[in-house]
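Below you'll find the structure, written out as structure tokens, and then a few comments.
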Amino acid sequence: AEACRCVMILLARPLRTGELERLHRNRYVVVPDWLTRAQTGRLQADAVAVDADSGFESAVGSVNFGTARVDTDVRRSRQCSIYPPPRNAAGSVTERDGLVSAVNGLRRELEAAALPALPRLAPFETELNYLLYPIGGHYKRHLDQPRGNSGWQRQGRRAADGGSISGGSLRRVVSFILYLNDEWEDADGGALRIFPARRREAGEGAEGEEAAVSAAVSAGSAAAAEEAEV
């Protein structure tokens, strides 16, 4: 008999109209309970398994400019790739397939929405990683994709600039973070701090000021942001 590969479909809830409007207005949105706790628990177990197989210390800087390095004063975490995928023997392919399917569903949802009026988000330009932060882990304030060249849809994925897994020409348009933390409380620390780009451009929002917005990191919550805007 021919082998059958099962695919787990994660039932991520659709974004509400108000959440899409907040993404358009603020350039970021926090989506509580995007996945259920049971779903995030299975993904957490997969993250631990994949890290044991192929995880590595997260770096800062740029490989292209020869500045990539591990600097735990700036960033202290481990990471492992989901897409491009790790070895099939690592963790659960079924769980990762389900996550990729859910993220692709979110991509289609954002693309089809009248707001925030995003450009076409090509499915093979999606890159996904597990990030594992130990107690005391952190990533200090940074901007992945600075404004410039073509606005917030910055060019720079040419082979000469390091390329991408798809060979696409556009840099990242949307960053998406899904939290797998179970039983997280405010007192645990580690909330995501978001600095709106418009405040930075006006000379506001320096480190330590109250321009930052803190976002909860409870299990199943997702945060989406337009790159170069926050």
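Within each chain, counting starts at residue 1; across the structure tokens, chains are named A, B, ... in the order shown, with ligands numbered 1 upward in that order.
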
Item to complete: Could you give me the residues within stretch 40-115 of chain A that DSSP places in strand (DSSP E or B), as a list of chain:residue names?
Response: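 The strand (DSSP E or B) residues within stretch 40-115 of chain A come out as A:Phe56, A:Glu57, A:Val60, A:Arg69, A:Arg75, A:Arg76, A:Arg78, A:Gln79, A:Cys80, A:Ser81, A:Ile82, A:Tyr83.
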
How about saving the chosen residues, all heavy atoms kept, as a CSV table (one decimal), in the first residue's frame?
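Result file follows (selection_24.csv):
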chain,number,residue,atom,x,y,z
A,56,PHE,N,21.0,26.6,17.4
A,56,PHE,CA,22.3,27.3,17.5
A,56,PHE,C,22.1,28.6,18.2
A,56,PHE,O,21.0,29.1,18.3
A,56,PHE,CB,23.0,27.5,16.2
A,56,PHE,CG,22.1,28.2,15.2
A,56,PHE,CD1,22.1,29.6,15.0
A,56,PHE,CD2,21.2,27.4,14.4
A,56,PHE,CE1,21.3,30.2,14.1
A,56,PHE,CE2,20.4,28.1,13.5
A,56,PHE,CZ,20.4,29.4,13.3
A,57,GLU,N,23.2,29.2,18.7
A,57,GLU,CA,23.1,30.5,19.4
A,57,GLU,C,22.7,31.6,18.4
A,57,GLU,O,23.3,31.7,17.3
A,57,GLU,CB,24.4,30.9,20.1
A,57,GLU,CG,24.8,29.9,21.2
A,57,GLU,CD,23.9,30.0,22.4
A,57,GLU,OE1,23.4,31.1,22.7
A,57,GLU,OE2,23.6,28.9,23.0
A,60,VAL,N,23.9,38.5,16.1
A,60,VAL,CA,23.6,39.8,15.8
A,60,VAL,C,24.5,40.3,14.6
A,60,VAL,O,25.5,39.6,14.4
A,60,VAL,CB,23.7,40.8,16.9
A,60,VAL,CG1,22.7,40.4,18.1
A,60,VAL,CG2,25.1,40.9,17.5
A,69,ARG,N,27.9,38.0,14.6
A,69,ARG,CA,28.7,37.5,15.8
A,69,ARG,C,27.6,37.2,16.9
A,69,ARG,O,26.5,37.7,16.9
A,69,ARG,CB,29.6,38.6,16.3
A,69,ARG,CG,28.9,39.8,16.9
A,69,ARG,CD,29.8,41.0,17.0
A,69,ARG,NE,29.1,42.1,17.7
A,69,ARG,CZ,28.2,42.9,17.1
A,69,ARG,NH1,27.9,42.7,15.8
A,69,ARG,NH2,27.7,43.9,17.8
A,75,ARG,N,21.9,40.1,22.5
A,75,ARG,CA,20.9,39.1,22.2
A,75,ARG,C,21.3,37.7,22.9
A,75,ARG,O,22.4,37.2,22.6
A,75,ARG,CB,20.8,38.9,20.7
A,75,ARG,CG,19.7,38.0,20.3
A,75,ARG,CD,19.6,37.9,18.7
A,75,ARG,NE,18.4,37.2,18.3
A,75,ARG,CZ,18.2,36.9,17.0
A,75,ARG,NH1,19.1,37.2,16.1
A,75,ARG,NH2,17.1,36.3,16.7
A,76,ARG,N,20.4,37.2,23.7
A,76,ARG,CA,20.7,35.9,24.3
A,76,ARG,C,19.6,35.0,24.1
A,76,ARG,O,18.5,35.1,24.7
A,76,ARG,CB,21.0,36.1,25.8
A,76,ARG,CG,21.4,34.8,26.5
A,76,ARG,CD,21.6,35.0,28.0
A,76,ARG,NE,21.8,33.7,28.6
A,76,ARG,CZ,21.4,33.4,29.9
A,76,ARG,NH1,20.9,34.4,30.6
A,76,ARG,NH2,21.6,32.3,30.4
A,78,ARG,N,18.5,31.0,21.6
A,78,ARG,CA,18.9,30.0,20.6
A,78,ARG,C,17.8,30.0,19.6
A,78,ARG,O,16.7,30.5,19.8
A,78,ARG,CB,19.0,28.7,21.3
A,78,ARG,CG,20.2,28.5,22.2
A,78,ARG,CD,20.2,27.1,22.9
A,78,ARG,NE,20.3,26.1,21.9
A,78,ARG,CZ,21.4,25.7,21.3
A,78,ARG,NH1,22.6,26.4,21.5
A,78,ARG,NH2,21.4,24.7,20.4
A,79,GLN,N,18.1,29.5,18.4
A,79,GLN,CA,17.1,29.5,17.3
A,79,GLN,C,17.4,28.2,16.5
A,79,GLN,O,18.4,27.7,16.4
A,79,GLN,CB,17.1,30.7,16.5
A,79,GLN,CG,18.4,30.9,15.6
A,79,GLN,CD,18.3,32.3,14.9
A,79,GLN,OE1,18.6,33.3,15.5
A,79,GLN,NE2,18.0,32.2,13.6
A,80,CYS,N,16.3,27.9,15.8
A,80,CYS,CA,16.4,26.8,14.8
A,80,CYS,C,15.3,27.0,13.7
A,80,CYS,O,14.3,27.6,14.0
A,80,CYS,CB,16.2,25.4,15.5
A,80,CYS,SG,14.9,25.4,16.8
A,81,SER,N,15.6,26.6,12.6
A,81,SER,CA,14.7,26.9,11.4
A,81,SER,C,13.5,26.0,11.4
A,81,SER,O,13.6,24.8,11.7
A,81,SER,CB,15.5,26.8,10.1
A,81,SER,OG,14.7,27.0,9.0
A,82,ILE,N,12.4,26.6,11.0
A,82,ILE,CA,11.1,25.8,10.7
A,82,ILE,C,11.0,25.8,9.2
A,82,ILE,O,10.6,24.8,8.6
A,82,ILE,CB,9.9,26.5,11.3
A,82,ILE,CG1,10.1,26.7,12.8
A,82,ILE,CG2,8.7,25.6,11.0
A,82,ILE,CD1,8.9,27.4,13.5
A,83,TYR,N,11.2,26.9,8.6
A,83,TYR,CA,11.0,27.0,7.1
A,83,TYR,C,12.1,28.0,6.6
A,83,TYR,O,12.0,29.2,6.9
A,83,TYR,CB,9.6,27.6,6.8
A,83,TYR,CG,9.3,27.5,5.3
A,83,TYR,CD1,8.8,26.3,4.8
A,83,TYR,CD2,9.4,28.6,4.5
A,83,TYR,CE1,8.5,26.2,3.4
A,83,TYR,CE2,9.1,28.5,3.1
A,83,TYR,CZ,8.6,27.3,2.6
A,83,TYR,OH,8.3,27.2,1.3

Worksheet item: Can you list, as a PyMOL selection string, every protein, DNA or RNA residue that comes within 12 Å of A:Ala45 when you count only C-alpha atoms, leaving out same-chain residues fewer than 6 positions away?
Response: chain A and resi 38-39+51-52+90-92+95-96+130+132+180-182

Selection above as a file: N, CA, C and O atoms, as an mmCIF file, in the first residue's frame:
data_model
loop_
_atom_site.group_PDB
_atom_site.id
_atom_site.type_symbol
_atom_site.label_atom_id
_atom_site.label_comp_id
_atom_site.auth_asym_id
_atom_site.auth_seq_id
_atom_site.Cartn_x
_atom_site.Cartn_y
_atom_site.Cartn_z
ATOM 1 N N ALA A 38 -3.515 24.143 23.752
ATOM 2 C CA ALA A 38 -3.125 22.777 23.381
ATOM 3 C C ALA A 38 -2.239 22.800 22.139
ATOM 4 O O ALA A 38 -1.231 22.078 22.064
ATOM 5 N N GLN A 39 -2.592 23.630 21.168
ATOM 6 C CA GLN A 39 -1.791 23.736 19.958
ATOM 7 C C GLN A 39 -0.404 24.295 20.252
ATOM 8 O O GLN A 39 0.606 23.774 19.766
ATOM 9 N N ASP A 51 15.448 22.121 18.560
ATOM 10 C CA ASP A 51 16.625 22.792 19.119
ATOM 11 C C ASP A 51 17.686 21.779 19.513
ATOM 12 O O ASP A 51 18.883 21.988 19.273
ATOM 13 N N ALA A 52 17.268 20.666 20.105
ATOM 14 C CA ALA A 52 18.227 19.638 20.502
ATOM 15 C C ALA A 52 18.924 19.032 19.286
ATOM 16 O O ALA A 52 20.073 18.588 19.370
ATOM 17 N N ALA A 90 13.737 15.225 13.201
ATOM 18 C CA ALA A 90 13.740 16.145 14.343
ATOM 19 C C ALA A 90 12.318 16.560 14.683
ATOM 20 O O ALA A 90 11.615 17.138 13.853
ATOM 21 N N GLY A 91 11.873 16.258 15.908
ATOM 22 C CA GLY A 91 10.550 16.710 16.341
ATOM 23 C C GLY A 91 9.424 16.132 15.512
ATOM 24 O O GLY A 91 9.473 14.980 15.079
ATOM 25 N N SER A 92 8.419 16.944 15.258
ATOM 26 C CA SER A 92 7.210 16.495 14.570
ATOM 27 C C SER A 92 6.996 17.272 13.270
ATOM 28 O O SER A 92 6.653 18.453 13.297
ATOM 29 N N GLU A 95 3.375 18.674 13.124
ATOM 30 C CA GLU A 95 3.106 19.937 13.819
ATOM 31 C C GLU A 95 3.638 21.120 13.024
ATOM 32 O O GLU A 95 2.987 22.160 12.917
ATOM 33 N N ARG A 96 4.836 20.973 12.469
ATOM 34 C CA ARG A 96 5.403 22.079 11.695
ATOM 35 C C ARG A 96 4.624 22.334 10.416
ATOM 36 O O ARG A 96 4.440 23.491 10.011
ATOM 37 N N TYR A 130 12.037 28.920 15.143
ATOM 38 C CA TYR A 130 11.783 28.838 16.573
ATOM 39 C C TYR A 130 12.873 29.642 17.276
ATOM 40 O O TYR A 130 14.059 29.530 16.938
ATOM 41 N N LEU A 132 14.263 30.318 21.217
ATOM 42 C CA LEU A 132 14.152 29.826 22.580
ATOM 43 C C LEU A 132 14.975 30.721 23.494
ATOM 44 O O LEU A 132 16.201 30.832 23.337
ATOM 45 N N LEU A 180 4.792 30.905 22.582
ATOM 46 C CA LEU A 180 4.490 29.559 23.057
ATOM 47 C C LEU A 180 4.647 29.445 24.565
ATOM 48 O O LEU A 180 4.555 28.358 25.117
ATOM 49 N N ASN A 181 4.874 30.581 25.244
ATOM 50 C CA ASN A 181 5.065 30.576 26.701
ATOM 51 C C ASN A 181 3.807 30.109 27.405
ATOM 52 O O ASN A 181 2.731 30.667 27.191
ATOM 53 N N ASP A 182 3.937 29.138 28.282
ATOM 54 C CA ASP A 182 2.790 28.636 29.039
ATOM 55 C C ASP A 182 2.818 29.233 30.446
ATOM 56 O O ASP A 182 3.882 29.328 31.070
#

Worksheet entry | Atomic separation - atom CA of A:Gly220 relative to atom CA of A:Thr36, Å | 5.7 Å

Worksheet item: Excluding same-chain residues fewer than 6 positions from A:Gly190, what lies within 10 Å of it counting only C-alpha atoms, as a list of chain:residue names?
Response: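 Once the nearby chain positions are removed, what remains is A:Tyr133, A:Ile135, A:Gly136, A:Gly137, A:His138, A:Tyr139, A:Trp184, A:Ser214, A:Ala215, A:Ala216, A:Val217.
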
Save out the residues we just selected, all heavy atoms, as an mmCIF file, in the first residue's frame.
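Below is the file selection36.cif, written as the result:
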data_model
loop_
_atom_site.group_PDB
_atom_site.id
_atom_site.type_symbol
_atom_site.label_atom_id
_atom_site.label_comp_id
_atom_site.auth_asym_id
_atom_site.auth_seq_id
_atom_site.Cartn_x
_atom_site.Cartn_y
_atom_site.Cartn_z
ATOM 1 N N TYR A 133 14.295 31.378 24.440
ATOM 2 C CA TYR A 133 14.952 32.294 25.371
ATOM 3 C C TYR A 133 15.070 31.628 26.740
ATOM 4 O O TYR A 133 14.066 31.238 27.327
ATOM 5 C CB TYR A 133 14.154 33.586 25.503
ATOM 6 C CG TYR A 133 14.241 34.475 24.289
ATOM 7 C CD1 TYR A 133 13.421 34.265 23.190
ATOM 8 C CD2 TYR A 133 15.155 35.527 24.239
ATOM 9 C CE1 TYR A 133 13.504 35.066 22.062
ATOM 10 C CE2 TYR A 133 15.251 36.339 23.123
ATOM 11 C CZ TYR A 133 14.423 36.101 22.035
ATOM 12 O OH TYR A 133 14.517 36.896 20.924
ATOM 13 N N ILE A 135 16.017 31.626 30.913
ATOM 14 C CA ILE A 135 15.791 32.612 31.976
ATOM 15 C C ILE A 135 16.880 33.677 31.872
ATOM 16 O O ILE A 135 18.069 33.360 31.799
ATOM 17 C CB ILE A 135 15.823 31.941 33.361
ATOM 18 C CG1 ILE A 135 14.652 30.957 33.495
ATOM 19 C CG2 ILE A 135 15.772 32.982 34.465
ATOM 20 C CD1 ILE A 135 14.675 30.132 34.768
ATOM 21 N N GLY A 136 16.467 34.926 31.811
ATOM 22 C CA GLY A 136 17.425 36.002 31.615
ATOM 23 C C GLY A 136 17.740 36.299 30.158
ATOM 24 O O GLY A 136 18.498 37.214 29.856
ATOM 25 N N GLY A 137 17.147 35.525 29.227
ATOM 26 C CA GLY A 137 17.364 35.772 27.811
ATOM 27 C C GLY A 137 16.724 37.075 27.374
ATOM 28 O O GLY A 137 15.789 37.574 28.008
ATOM 29 N N HIS A 138 17.207 37.642 26.267
ATOM 30 C CA HIS A 138 16.716 38.936 25.838
ATOM 31 C C HIS A 138 17.170 39.222 24.412
ATOM 32 O O HIS A 138 18.071 38.550 23.886
ATOM 33 C CB HIS A 138 17.254 40.053 26.747
ATOM 34 C CG HIS A 138 18.749 40.103 26.767
ATOM 35 N ND1 HIS A 138 19.486 39.392 27.686
ATOM 36 C CD2 HIS A 138 19.649 40.737 25.975
ATOM 37 C CE1 HIS A 138 20.772 39.602 27.464
ATOM 38 N NE2 HIS A 138 20.902 40.416 26.419
ATOM 39 N N TYR A 139 16.566 40.224 23.809
ATOM 40 C CA TYR A 139 17.035 40.812 22.553
ATOM 41 C C TYR A 139 16.781 42.302 22.687
ATOM 42 O O TYR A 139 15.642 42.745 22.728
ATOM 43 C CB TYR A 139 16.268 40.224 21.361
ATOM 44 C CG TYR A 139 16.889 40.506 20.008
ATOM 45 C CD1 TYR A 139 16.345 39.957 18.853
ATOM 46 C CD2 TYR A 139 18.023 41.294 19.868
ATOM 47 C CE1 TYR A 139 16.911 40.197 17.604
ATOM 48 C CE2 TYR A 139 18.595 41.533 18.632
ATOM 49 C CZ TYR A 139 18.035 40.980 17.495
ATOM 50 O OH TYR A 139 18.586 41.225 16.264
ATOM 51 N N TRP A 184 2.543 32.245 31.516
ATOM 52 C CA TRP A 184 3.328 33.462 31.659
ATOM 53 C C TRP A 184 2.531 34.512 32.407
ATOM 54 O O TRP A 184 1.326 34.657 32.209
ATOM 55 C CB TRP A 184 3.733 33.981 30.278
ATOM 56 C CG TRP A 184 4.498 35.274 30.314
ATOM 57 C CD1 TRP A 184 5.844 35.425 30.467
ATOM 58 C CD2 TRP A 184 3.958 36.590 30.202
ATOM 59 N NE1 TRP A 184 6.187 36.761 30.461
ATOM 60 C CE2 TRP A 184 5.048 37.501 30.299
ATOM 61 C CE3 TRP A 184 2.674 37.101 30.039
ATOM 62 C CZ2 TRP A 184 4.881 38.883 30.224
ATOM 63 C CZ3 TRP A 184 2.498 38.480 29.971
ATOM 64 C CH2 TRP A 184 3.597 39.347 30.057
ATOM 65 N N SER A 214 4.251 47.938 25.603
ATOM 66 C CA SER A 214 4.551 46.578 26.017
ATOM 67 C C SER A 214 3.414 45.655 25.621
ATOM 68 O O SER A 214 2.238 45.959 25.848
ATOM 69 C CB SER A 214 4.763 46.508 27.536
ATOM 70 O OG SER A 214 5.954 47.167 27.901
ATOM 71 N N ALA A 215 3.761 44.542 24.998
ATOM 72 C CA ALA A 215 2.760 43.587 24.527
ATOM 73 C C ALA A 215 2.868 42.295 25.323
ATOM 74 O O ALA A 215 3.969 41.809 25.602
ATOM 75 C CB ALA A 215 2.972 43.298 23.047
ATOM 76 N N ALA A 216 1.737 41.745 25.710
ATOM 77 C CA ALA A 216 1.705 40.502 26.473
ATOM 78 C C ALA A 216 2.258 39.351 25.648
ATOM 79 O O ALA A 216 2.202 39.357 24.421
ATOM 80 C CB ALA A 216 0.277 40.191 26.901
ATOM 81 N N VAL A 217 2.811 38.354 26.338
ATOM 82 C CA VAL A 217 3.423 37.225 25.645
ATOM 83 C C VAL A 217 2.814 35.904 26.109
ATOM 84 O O VAL A 217 3.504 34.910 26.248
ATOM 85 C CB VAL A 217 4.952 37.212 25.841
ATOM 86 C CG1 VAL A 217 5.577 38.406 25.160
ATOM 87 C CG2 VAL A 217 5.327 37.222 27.324
#

Item to complete: Show which residues sit within 12 Å of A:Arg22, as an MDAnalysis selection string. Count only C-alpha atoms, and ignore same-chain residues fewer than 3 positions away.
Response: chainID A and resid 15:19 25:31 115:116 223:226

Would you export the selected residues with C-alpha atoms as a PDB file, in the first residue's frame, please?
ATOM      1  CA  LEU A  15      -8.266  38.380  12.668  1.00  0.00           C
ATOM      2  CA  ARG A  16     -11.126  40.606  13.746  1.00  0.00           C
ATOM      3  CA  THR A  17     -11.967  43.817  11.909  1.00  0.00           C
ATOM      4  CA  GLY A  18     -10.706  45.897  14.834  1.00  0.00           C
ATOM      5  CA  GLU A  19      -7.373  44.041  14.816  1.00  0.00           C
ATOM      6  CA  ARG A  25      -3.342  52.552  12.176  1.00  0.00           C
ATOM      7  CA  ASN A  26      -0.470  51.603  14.510  1.00  0.00           C
ATOM      8  CA  ARG A  27       1.580  49.387  12.162  1.00  0.00           C
ATOM      9  CA  TYR A  28       1.439  46.597  14.712  1.00  0.00           C
ATOM     10  CA  VAL A  29      -1.219  44.514  16.422  1.00  0.00           C
ATOM     11  CA  VAL A  30      -1.312  41.945  19.222  1.00  0.00           C
ATOM     12  CA  VAL A  31      -3.767  39.093  18.621  1.00  0.00           C
ATOM     13  CA  LEU A 115      -6.852  47.286   5.548  1.00  0.00           C
ATOM     14  CA  PRO A 116      -3.916  47.496   6.079  1.00  0.00           C
ATOM     15  CA  ALA A 223       2.024  39.875  17.255  1.00  0.00           C
ATOM     16  CA  ALA A 224       2.249  41.195  13.699  1.00  0.00           C
ATOM     17  CA  ALA A 225       4.108  44.335  12.640  1.00  0.00           C
ATOM     18  CA  GLU A 226       4.873  46.089   9.397  1.00  0.00           C
TER      19      GLU A 226
END

Item to complete: Name the closest residue to A:Leu43 among the candidates A:Gly61, A:Gly55, A:Pro14, A:Gly98; distances are taken between atoms, counting only C-alpha atoms.
Response: A:Gly98

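The space separating atom CA of A:Ala219 from atom CA of A:Arg37 comes to 6.1 Å.
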
Fill in: Residues within 10 Å of A:Lys140, only C-alpha atoms, excluding chain neighbours under 4 positions, as a list in words
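Result of the neighbour search: Thr72, Asp73, Val74, Arg75, Arg76, Arg193 and Glu207 of chain A.
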
Restricted to N, CA and C atoms, what would the selected residues look like written as a compact mmCIF listing (two decimals), in the first residue's frame?
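And here's out35.txt as it stands now:
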# COMPACT_ATOMS: atom_id res chain seq x y z
N THR A 72 26.01 38.11 23.62
CA THR A 72 24.94 37.86 24.58
C THR A 72 24.54 39.11 25.36
N ASP A 73 25.35 40.18 25.29
CA ASP A 73 24.91 41.44 25.90
C ASP A 73 23.75 42.05 25.11
N VAL A 74 23.72 41.81 23.81
CA VAL A 74 22.67 42.33 22.95
C VAL A 74 21.54 41.32 22.77
N ARG A 75 21.90 40.08 22.54
CA ARG A 75 20.90 39.06 22.24
C ARG A 75 21.32 37.75 22.87
N ARG A 76 20.44 37.21 23.67
CA ARG A 76 20.72 35.92 24.31
C ARG A 76 19.55 34.99 24.07
N ARG A 193 8.54 44.93 23.57
CA ARG A 193 8.43 46.39 23.60
C ARG A 193 8.49 46.90 22.17
N GLU A 207 15.68 55.00 24.20
CA GLU A 207 15.70 53.89 25.16
C GLU A 207 15.32 54.39 26.55
